[in-house]
>>> print(open('data-v1.pdb').read())   # PDB, C-alpha atoms
ATOM      1  CA  MET Q   1     -20.127   9.584  -5.405
ATOM      2  CA  ASP Q   2     -18.329   6.481  -4.131
ATOM      3  CA  ILE Q   3     -18.165   4.590  -0.849
ATOM      4  CA  HIS Q   4     -14.506   5.426  -0.245
ATOM      5  CA  ARG Q   5     -15.164   9.157  -0.484
ATOM      6  CA  MET Q   6     -18.123   8.853   1.875
ATOM      7  CA  LYS Q   7     -15.917   7.076   4.415
ATOM      8  CA  CYS Q   8     -13.255   9.781   4.115
ATOM      9  CA  PHE Q   9     -15.856  12.444   4.795
ATOM     10  CA  LEU Q  10     -17.227  10.619   7.840
ATOM     11  CA  ARG Q  11     -13.761  10.068   9.259
ATOM     12  CA  LEU Q  12     -12.936  13.773   8.960
ATOM     13  CA  ALA Q  13     -16.353  14.708  10.357
ATOM     14  CA  GLU Q  14     -15.554  12.544  13.377
ATOM     15  CA  GLU Q  15     -11.932  13.617  13.903
ATOM     16  CA  LEU Q  16     -12.191  17.245  12.718
ATOM     17  CA  HIS Q  17      -8.469  17.016  12.018
ATOM     18  CA  PHE Q  18      -7.049  16.214   8.564
ATOM     19  CA  SER Q  19      -3.865  14.535   9.775
ATOM     20  CA  ARG Q  20      -5.631  12.241  12.274
ATOM     21  CA  ALA Q  21      -8.387  11.417   9.805
ATOM     22  CA  ALA Q  22      -5.866  10.528   7.095
ATOM     23  CA  GLU Q  23      -3.883   8.411   9.565
ATOM     24  CA  LYS Q  24      -6.946   6.387  10.552
ATOM     25  CA  GLU Q  25      -7.914   5.878   6.913
ATOM     26  CA  CYS Q  26      -4.339   4.779   6.109
ATOM     27  CA  MET Q  27      -3.701   7.465   3.500
ATOM     28  CA  ALA Q  28      -1.645  10.597   2.996
ATOM     29  CA  GLN Q  29      -3.071  13.874   4.293
ATOM     30  CA  SER Q  30      -2.950  15.288   0.770
ATOM     31  CA  THR Q  31      -5.112  12.401  -0.457
ATOM     32  CA  MET Q  32      -7.664  13.033   2.288
ATOM     33  CA  SER Q  33      -7.758  16.745   1.402
ATOM     34  CA  GLN Q  34      -8.283  15.916  -2.264
ATOM     35  CA  GLN Q  35     -11.144  13.540  -1.461
ATOM     36  CA  ILE Q  36     -12.933  16.238   0.549
ATOM     37  CA  HIS Q  37     -12.271  18.860  -2.113
ATOM     38  CA  ASN Q  38     -13.709  16.564  -4.803
ATOM     39  CA  LEU Q  39     -16.779  15.851  -2.664
ATOM     40  CA  GLU Q  40     -17.444  19.558  -2.101
ATOM     41  CA  ASP Q  41     -17.067  20.181  -5.833
ATOM     42  CA  GLU Q  42     -19.441  17.326  -6.636
ATOM     43  CA  LEU Q  43     -22.099  18.603  -4.231
ATOM     44  CA  ASP Q  44     -21.388  22.284  -4.926
ATOM     45  CA  ALA Q  45     -21.456  22.900  -1.172
ATOM     46  CA  ARG Q  46     -18.962  23.802   1.526
ATOM     47  CA  LEU Q  47     -18.901  21.003   4.112
ATOM     48  CA  PHE Q  48     -16.090  22.151   6.421
ATOM     49  CA  ILE Q  49     -14.823  25.462   7.734
ATOM     50  CA  ARG Q  50     -11.036  25.305   7.788
ATOM     51  CA  ASN Q  51      -8.436  27.577   9.320
ATOM     52  CA  ASN Q  52      -4.943  27.163  10.748
ATOM     53  CA  ARG Q  53      -6.308  26.128  14.140
ATOM     54  CA  SER Q  54      -9.401  24.020  13.562
ATOM     55  CA  VAL Q  55     -11.749  22.179  11.230
ATOM     56  CA  GLN Q  56     -15.497  22.486  11.799
ATOM     57  CA  LEU Q  57     -18.565  21.138  10.023
ATOM     58  CA  THR Q  58     -20.877  23.566   8.260
ATOM     59  CA  PRO Q  59     -24.665  23.059   8.640
ATOM     60  CA  ALA Q  60     -24.584  21.250   5.274
ATOM     61  CA  GLY Q  61     -21.768  19.083   6.592
ATOM     62  CA  GLU Q  62     -23.710  18.228   9.748
ATOM     63  CA  TYR Q  63     -26.670  17.111   7.648
ATOM     64  CA  LEU Q  64     -24.461  15.071   5.317
ATOM     65  CA  LYS Q  65     -22.793  13.354   8.279
ATOM     66  CA  GLN Q  66     -26.156  11.971   9.422
ATOM     67  CA  GLU Q  67     -27.191  10.928   5.920
ATOM     68  CA  PHE Q  68     -23.871   9.294   5.017
ATOM     69  CA  SER Q  69     -23.854   7.368   8.309
ATOM     70  CA  ARG Q  70     -27.293   5.996   7.534
ATOM     71  CA  LEU Q  71     -26.388   5.187   3.924
ATOM     72  CA  LEU Q  72     -23.202   3.355   4.904
ATOM     73  CA  GLU Q  73     -25.005   1.283   7.513
ATOM     74  CA  ASN Q  74     -27.536   0.242   4.869
ATOM     75  CA  TYR Q  75     -24.777  -0.418   2.359
ATOM     76  CA  GLU Q  76     -22.851  -2.703   4.711
ATOM     77  CA  ALA Q  77     -25.998  -4.603   5.647
ATOM     78  CA  ALA Q  78     -26.968  -4.995   1.990
ATOM     79  CA  LYS Q  79     -23.470  -6.092   0.987
ATOM     80  CA  HIS Q  80     -23.325  -8.870   3.546
ATOM     81  CA  GLU Q  81     -26.841 -10.040   2.668
ATOM     82  CA  VAL Q  82     -26.063 -10.147  -1.052
ATOM     83  CA  ARG Q  83     -22.914 -12.145  -0.347
ATOM     84  CA  ARG Q  84     -24.886 -14.553   1.780
ATOM     85  CA  ILE Q  85     -27.598 -15.030  -0.847
ATOM     86  CA  ALA Q  86     -25.273 -15.349  -3.813
ATOM     87  CA  GLY Q  87     -22.744 -17.478  -1.981
ATOM     88  CA  GLN Q  88     -19.928 -15.272  -3.275
ATOM     89  CA  ALA Q  89     -18.224 -15.161   0.104
ATOM     90  CA  LYS Q  90     -17.499 -18.860  -0.247
ATOM     91  CA  ASN Q  91     -16.118 -18.811  -3.757
ATOM     92  CA  MET Q  92     -14.340 -15.514  -4.461
ATOM     93  CA  LEU Q  93     -11.094 -14.122  -3.072
ATOM     94  CA  SER Q  94      -9.647 -10.724  -4.008
ATOM     95  CA  ILE Q  95      -5.903 -10.233  -3.394
ATOM     96  CA  GLY Q  96      -4.015  -6.934  -3.505
ATOM     97  CA  TYR Q  97      -0.267  -6.357  -3.710
ATOM     98  CA  HIS Q  98       2.241  -3.785  -4.893
ATOM     99  CA  GLY Q  99       5.332  -4.505  -6.871
ATOM    100  CA  PRO Q 100       6.098  -6.178 -10.196
ATOM    101  CA  PHE Q 101       3.615  -8.698 -11.605
ATOM    102  CA  ASN Q 102       6.005 -11.574 -10.957
ATOM    103  CA  TRP Q 103       6.889 -10.282  -7.478
ATOM    104  CA  MET Q 104       8.457 -12.990  -5.318
ATOM    105  CA  PHE Q 105       6.241 -16.092  -5.110
ATOM    106  CA  PHE Q 106       3.074 -14.747  -6.719
ATOM    107  CA  GLN Q 107       2.871 -16.670  -9.964
ATOM    108  CA  SER Q 108       3.735 -20.098  -8.601
ATOM    109  CA  ILE Q 109       1.925 -19.807  -5.265
ATOM    110  CA  PHE Q 110      -1.325 -18.657  -6.847
ATOM    111  CA  GLN Q 111      -1.202 -21.393  -9.468
ATOM    112  CA  LYS Q 112      -0.700 -24.025  -6.762
ATOM    113  CA  PHE Q 113      -3.445 -22.542  -4.587
ATOM    114  CA  LYS Q 114      -5.845 -22.598  -7.538
ATOM    115  CA  SER Q 115      -4.983 -26.237  -8.187
ATOM    116  CA  THR Q 116      -5.670 -27.094  -4.546
ATOM    117  CA  TYR Q 117      -8.891 -25.033  -4.371
ATOM    118  CA  PRO Q 118     -10.317 -25.007  -7.938
ATOM    119  CA  GLU Q 119     -13.715 -23.887  -6.642
ATOM    120  CA  ILE Q 120     -12.291 -20.537  -5.402
ATOM    121  CA  GLU Q 121     -12.169 -17.757  -7.977
ATOM    122  CA  LEU Q 122      -9.091 -15.528  -7.525
ATOM    123  CA  SER Q 123      -8.921 -11.841  -8.396
ATOM    124  CA  LEU Q 124      -5.474 -10.161  -8.332
ATOM    125  CA  MET Q 125      -5.081  -6.387  -8.068
ATOM    126  CA  MET Q 126      -1.804  -4.473  -8.317
ATOM    127  CA  GLU Q 127      -2.066  -1.466  -5.972
ATOM    128  CA  ASN Q 128       0.062   1.569  -5.101
ATOM    129  CA  TRP Q 129       1.976   1.873  -1.855
ATOM    130  CA  GLY Q 130      -0.405   2.905   0.911
ATOM    131  CA  ASP Q 131      -3.647   2.038  -0.923
ATOM    132  CA  ILE Q 132      -3.950  -1.545   0.278
ATOM    133  CA  PRO Q 133      -4.954  -0.809   3.922
ATOM    134  CA  ALA Q 134      -7.837   1.430   2.804
ATOM    135  CA  LYS Q 135      -9.038  -1.215   0.345
ATOM    136  CA  LEU Q 136      -8.865  -3.888   3.027
ATOM    137  CA  MET Q 137     -10.981  -1.651   5.261
ATOM    138  CA  SER Q 138     -13.589  -1.137   2.537
ATOM    139  CA  GLU Q 139     -13.422  -4.854   1.572
ATOM    140  CA  GLU Q 140     -12.518  -4.003  -2.011
ATOM    141  CA  ILE Q 141      -9.790  -6.592  -1.465
ATOM    142  CA  ASP Q 142      -9.834  -9.513   0.987
ATOM    143  CA  VAL Q 143      -6.112 -10.120   1.505
ATOM    144  CA  GLY Q 144      -3.170  -7.806   0.934
ATOM    145  CA  PHE Q 145       0.600  -8.286   0.706
ATOM    146  CA  LEU Q 146       2.430  -5.177   1.898
ATOM    147  CA  GLU Q 147       4.886  -3.711   4.400
ATOM    148  CA  VAL Q 148       4.222  -4.305   8.101
ATOM    149  CA  ALA Q 149       4.532  -0.563   8.798
ATOM    150  CA  GLU Q 150       1.373   0.186   6.814
ATOM    151  CA  VAL Q 151      -0.935  -1.894   9.042
ATOM    152  CA  GLU Q 152       0.787  -2.508  12.378
ATOM    153  CA  GLU Q 153      -1.110   0.294  14.169
ATOM    154  CA  ASN Q 154      -4.505  -0.486  12.634
ATOM    155  CA  LYS Q 155      -6.473  -2.458  15.218
ATOM    156  CA  GLN Q 156      -9.092  -3.517  12.678
ATOM    157  CA  ILE Q 157      -6.588  -5.292  10.451
ATOM    158  CA  GLU Q 158      -4.971  -8.625  11.264
ATOM    159  CA  SER Q 159      -1.589  -9.468   9.781
ATOM    160  CA  CYS Q 160       0.879 -12.315   9.510
ATOM    161  CA  TYR Q 161       4.608 -11.552   9.170
ATOM    162  CA  LEU Q 162       6.161 -13.266   6.156
ATOM    163  CA  TYR Q 163       9.782 -12.214   5.671
ATOM    164  CA  ARG Q 164      12.356  -9.406   5.722
ATOM    165  CA  ASP Q 165      13.379  -8.065   2.317
ATOM    166  CA  TYR Q 166      16.778  -6.365   2.045
ATOM    167  CA  THR Q 167      17.916  -3.742  -0.461
ATOM    168  CA  CYS Q 168      19.451  -3.923  -3.904
ATOM    169  CA  PHE Q 169      20.154  -1.208  -6.480
ATOM    170  CA  ALA Q 170      18.848  -1.112 -10.038
ATOM    171  CA  LEU Q 171      21.192   0.533 -12.545
ATOM    172  CA  HIS Q 172      21.924   0.587 -16.248
ATOM    173  CA  LYS Q 173      24.222  -2.139 -17.536
ATOM    174  CA  SER Q 174      26.686   0.506 -18.767
ATOM    175  CA  HIS Q 175      26.990   2.154 -15.346
ATOM    176  CA  PRO Q 176      30.523   2.024 -13.850
ATOM    177  CA  LEU Q 177      29.141   0.084 -10.864
ATOM    178  CA  ALA Q 178      27.393  -2.535 -12.992
ATOM    179  CA  GLY Q 179      30.319  -4.953 -12.875
ATOM    180  CA  LYS Q 180      30.426  -5.228  -9.079
ATOM    181  CA  GLN Q 181      29.158  -8.294  -7.237
ATOM    182  CA  ILE Q 182      27.903  -6.259  -4.299
ATOM    183  CA  LEU Q 183      27.573  -2.547  -3.515
ATOM    184  CA  ARG Q 184      28.769  -0.876  -0.341
ATOM    185  CA  GLU Q 185      28.159   2.538   1.168
ATOM    186  CA  LYS Q 186      31.321   4.027  -0.362
ATOM    187  CA  ASP Q 187      30.239   2.849  -3.840
ATOM    188  CA  VAL Q 188      26.869   4.609  -3.873
ATOM    189  CA  LYS Q 189      27.452   7.523  -1.515
ATOM    190  CA  ASN Q 190      28.049  10.058  -4.299
ATOM    191  CA  GLU Q 191      25.731   8.516  -6.883
ATOM    192  CA  HIS Q 192      22.509  10.140  -8.102
ATOM    193  CA  ILE Q 193      19.816   8.262  -6.160
ATOM    194  CA  VAL Q 194      16.200   8.187  -7.348
ATOM    195  CA  MET Q 195      13.452   6.902  -5.072
ATOM    196  CA  VAL Q 196       9.714   7.105  -4.421
ATOM    197  CA  ASP Q 197       8.830   9.960  -2.063
ATOM    198  CA  THR Q 198       6.810   9.660   1.145
ATOM    199  CA  SER Q 199       3.507  10.950  -0.227
ATOM    200  CA  ILE Q 200       2.517   7.400  -1.194
ATOM    201  CA  GLY Q 201       2.626   4.729   1.483
ATOM    202  CA  ARG Q 202       3.906   7.288   3.967
ATOM    203  CA  LYS Q 203       4.692   4.954   6.862
ATOM    204  CA  SER Q 204       6.651   2.399   4.871
ATOM    205  CA  MET Q 205       8.437   4.939   2.685
ATOM    206  CA  GLU Q 206       9.453   7.098   5.652
ATOM    207  CA  LEU Q 207      11.027   4.003   7.214
ATOM    208  CA  CYS Q 208      12.805   3.148   3.959
ATOM    209  CA  HIS Q 209      14.208   6.668   3.717
ATOM    210  CA  LYS Q 210      15.261   6.651   7.368
ATOM    211  CA  ARG Q 211      17.039   3.314   7.078
ATOM    212  CA  LEU Q 212      18.916   4.342   3.946
ATOM    213  CA  ILE Q 213      20.069   7.538   5.654
ATOM    214  CA  GLN Q 214      21.204   5.544   8.698
ATOM    215  CA  SER Q 215      23.240   3.286   6.409
ATOM    216  CA  GLY Q 216      25.131   6.319   5.117
ATOM    217  CA  ILE Q 217      23.142   7.261   1.994
ATOM    218  CA  ASP Q 218      21.651  10.738   2.106
ATOM    219  CA  ILE Q 219      18.730  10.329  -0.300
ATOM    220  CA  ARG Q 220      17.669  13.912   0.394
ATOM    221  CA  LYS Q 221      20.335  14.910  -2.126
ATOM    222  CA  GLY Q 222      18.767  12.666  -4.735
ATOM    223  CA  THR Q 223      15.502  12.863  -6.661
ATOM    224  CA  LEU Q 224      12.170  11.817  -5.145
ATOM    225  CA  MET Q 225       9.363  10.811  -7.491
ATOM    226  CA  LYS Q 226       5.691   9.869  -7.232
ATOM    227  CA  LYS Q 227       5.867   6.540  -9.053
ATOM    228  CA  PHE Q 228       8.230   3.591  -8.833
ATOM    229  CA  GLU Q 229       7.930   3.117 -12.603
ATOM    230  CA  SER Q 230       9.350   6.631 -13.119
ATOM    231  CA  CYS Q 231      12.333   5.770 -10.934
ATOM    232  CA  MET Q 232      13.030   2.677 -13.013
ATOM    233  CA  ALA Q 233      12.737   4.697 -16.219
ATOM    234  CA  MET Q 234      15.515   6.985 -14.959
ATOM    235  CA  ALA Q 235      17.664   3.989 -14.068
ATOM    236  CA  SER Q 236      17.168   2.572 -17.566
ATOM    237  CA  THR Q 237      18.580   5.765 -19.084
ATOM    238  CA  GLY Q 238      21.745   5.489 -16.990
ATOM    239  CA  VAL Q 239      21.317   8.835 -15.209
ATOM    240  CA  ALA Q 240      20.499   7.402 -11.758
ATOM    241  CA  ILE Q 241      20.449   4.316  -9.559
ATOM    242  CA  VAL Q 242      17.374   3.099  -7.682
ATOM    243  CA  PRO Q 243      17.307   1.418  -4.244
ATOM    244  CA  MET Q 244      14.548  -1.181  -4.027
ATOM    245  CA  PRO Q 245      13.598  -4.455  -2.290
ATOM    246  CA  ARG Q 246      15.524  -7.420  -3.671
ATOM    247  CA  SER Q 247      12.282  -9.265  -4.396
ATOM    248  CA  PHE Q 248      11.413  -6.519  -6.925
ATOM    249  CA  LYS Q 249      14.178  -7.680  -9.255
ATOM    250  CA  GLN Q 250      12.867  -8.366 -12.747
ATOM    251  CA  GLU Q 251      14.193 -11.099 -14.979
ATOM    252  CA  ASN Q 252      14.844 -10.656 -18.694
ATOM    253  CA  GLN Q 253      15.538  -6.913 -18.607
ATOM    254  CA  ASN Q 254      18.272  -6.229 -21.129
ATOM    255  CA  GLU Q 255      19.216  -2.731 -19.958
ATOM    256  CA  ILE Q 256      18.939  -3.049 -16.152
ATOM    257  CA  VAL Q 257      21.148  -4.946 -13.711
ATOM    258  CA  TYR Q 258      20.456  -5.475 -10.021
ATOM    259  CA  ILE Q 259      23.212  -5.526  -7.424
ATOM    260  CA  ASP Q 260      22.640  -6.292  -3.748
ATOM    261  CA  TYR Q 261      23.485  -3.620  -1.199
ATOM    262  CA  ASP Q 262      25.786  -4.810   1.590
ATOM    263  CA  SER Q 263      23.700  -3.576   4.500
ATOM    264  CA  THR Q 264      21.416  -5.228   7.036
ATOM    265  CA  GLU Q 265      20.112  -1.802   8.092
ATOM    266  CA  THR Q 266      18.076  -1.206   4.944
ATOM    267  CA  TYR Q 267      15.041  -3.450   4.587
ATOM    268  CA  VAL Q 268      11.255  -3.742   4.498
ATOM    269  CA  ASP Q 269       9.243  -6.271   6.481
ATOM    270  CA  ILE Q 270       6.561  -7.950   4.378
ATOM    271  CA  CYS Q 271       3.298  -9.279   5.788
ATOM    272  CA  MET Q 272      -0.032 -10.679   4.688
ATOM    273  CA  ALA Q 273      -3.010  -8.706   6.027
ATOM    274  CA  TRP Q 274      -6.803  -8.909   6.139
ATOM    275  CA  LEU Q 275      -9.731  -7.141   7.809
ATOM    276  CA  LYS Q 276     -10.779  -8.900  11.021
ATOM    277  CA  GLU Q 277     -14.474  -8.331  10.335
ATOM    278  CA  ASN Q 278     -14.353  -9.614   6.760
ATOM    279  CA  THR Q 279     -16.751 -12.580   6.615
ATOM    280  CA  ASN Q 280     -15.344 -14.088   3.430
ATOM    281  CA  SER Q 281     -14.777 -17.704   4.401
ATOM    282  CA  THR Q 282     -12.120 -18.268   1.718
ATOM    283  CA  ILE Q 283      -9.690 -15.966   3.560
ATOM    284  CA  ALA Q 284      -8.923 -18.562   6.227
ATOM    285  CA  ALA Q 285      -8.112 -21.206   3.612
ATOM    286  CA  PHE Q 286      -5.778 -18.844   1.762
ATOM    287  CA  ILE Q 287      -3.990 -17.699   4.924
ATOM    288  CA  GLU Q 288      -3.414 -21.275   6.020
ATOM    289  CA  TYR Q 289      -2.136 -22.210   2.566
ATOM    290  CA  ILE Q 290       0.352 -19.321   2.484
ATOM    291  CA  LYS Q 291       1.637 -20.128   5.980
ATOM    292  CA  ASN Q 292       2.228 -23.747   5.026
ATOM    293  CA  ASN Q 293       3.681 -23.206   1.555
ATOM    294  CA  LEU Q 294       5.541 -19.899   1.394
TER     295      LEU Q 294
END
>>> encode(input="data-v1.pdb", output="structure tokens")
Amino acid sequence: MDIHRMKCFLRLAEELHFSRAAEKECMAQSTMSQQIHNLEDELDARLFIRNNRSVQLTPAGEYLKQEFSRLLENYEAAKHEVRRIAGQAKNMLSIGYHGPFNWMFFQSIFQKFKSTYPEIELSLMMENWGDIPAKLMSEEIDVGFLEVAEVEENKQIESCYLYRDYTCFALHKSHPLAGKQILREKDVKNEHIVMVDTSIGRKSMELCHKRLIQSGIDIRKGTLMKKFESCMAMASTGVAIVPMPRSFKQENQNEIVYIDYDSTETYVDICMAWLKENTNSTIAAFIEYIKNNL
């Protein structure tokens, strides 16, 4: 049993609708369904009655709703009290992001922040698309760097816009397009495109797909995969090209080249986000530092 699964159950018990519950928990519907399935397996009990028209709690589900609500209230109260007693809220900051380890400013900005605030202990977590909002909500991380689309409708999360990141393509150095300075629609229109599908980070990935299609690239004819790393593996073999944010470019890769795409229609908007109710006092210092130094 874990806190995240308990929260998924309570959200579905409140909404009685998988799609709405998943939306409010900032996850894919399939992920929500899997969480509930795992919980029912763990408890060896049916908690919901499902059909094509409705979702209803069973008597066991009704009982669990009351108990989980009570347990979570106690957990939140205990968590804040422990932080207060131990003073951890003043000295620890957990930061989540997705992308390569040396994504954009991370290495240098964190080193400089640590030099300015040596008393604050930093914890960095690389997360999948779509997972950061849920971890902000559960306070597993304090600050997240992600696409605006993932948090803009969540009223419990505050965010600060950072920059707009345009598209480049990753391809093998032997690819016929590798010698170009910039790629245009006509160059990539008939190429085999590989990209992450919309099951992970649905809001941001749906926007990415939509913008690529609007620019003239029909990615529906390409290959959609579950992991970004798998896309890059295909690019490294020379069988496909991968559209990606320019800030994801990796230095010192012998087999891969990155070429900017000549389009202002394909982009992601990057923000810094945090839970409004998070009482960690180091968040304010970090936010102010990023605003002044990024």
>>> closest_residue(input="data-v1.pdb", among="Q:Glu76, Q:Glu23, Q:Glu255, Q:Glu288", to="Glu139 (chain Q)", atoms="only C-alpha atoms")
Q:Glu76
>>> atom_distance(input="data-v1.pdb", atom1="CA of Lys221 (chain Q)", atom2="CA of Glu191 (chain Q)")
9.6 Å
>>> resolve_selection(input="data-v1.pdb", expression="the PyMOL selection byres ((chain Q and resi 127) around 12)", output="VMD selection string")
chain Q and resid 95 to 101 124 to 126 128 to 136 140 to 141 144 to 146 200 to 201 227 to 228
>>> residues_around(input="data-v1.pdb", residues="region 214-220 of chain Q", least_positions_apart="5", cutoff="9 Å", atoms="all atoms listed in the file", output="JSON, numbers by chain")
{"Q": [185, 186, 188, 189, 190, 192, 193, 194, 195, 209, 263, 264, 265, 266]}
>>> resolve_selection(input="data-v1.pdb", expression="the PyMOL selection byres ((chain Q and resi 59-67) around 12)", output="ChimeraX atom specification")
/Q:6-14,16,36,39-40,43-49,55-58,68-74
>>> resolve_selection(input="data-v1.pdb", expression="the PyMOL selection byres ((chain Q and resi 294) around 8)", output="list of chain:residue names")
Q:Phe105, Q:Ile109, Q:Ile290, Q:Lys291, Q:Asn292, Q:Asn293
>>> residues_near_point(input="data-v1.pdb", point="(-6.1, -22.1, -2.9)", cutoff="9 Å", atoms="all atoms listed in the file", output="PyMOL selection string")
chain Q and resi 109-120+122+282+285-286+289-290
>>> closest_residue(input="data-v1.pdb", among="Q:Met244, Q:Ile157, Q:Leu275, Q:Leu224", to="Ala170 (chain Q)", atoms="all atoms listed in the file")
Q:Met244
>>> residues_around(input="data-v1.pdb", residues="Ser33 (chain Q)", least_positions_apart="4", cutoff="8 Å", atoms="only C-alpha atoms", output="ChimeraX atom specification")
/Q:18,29,37
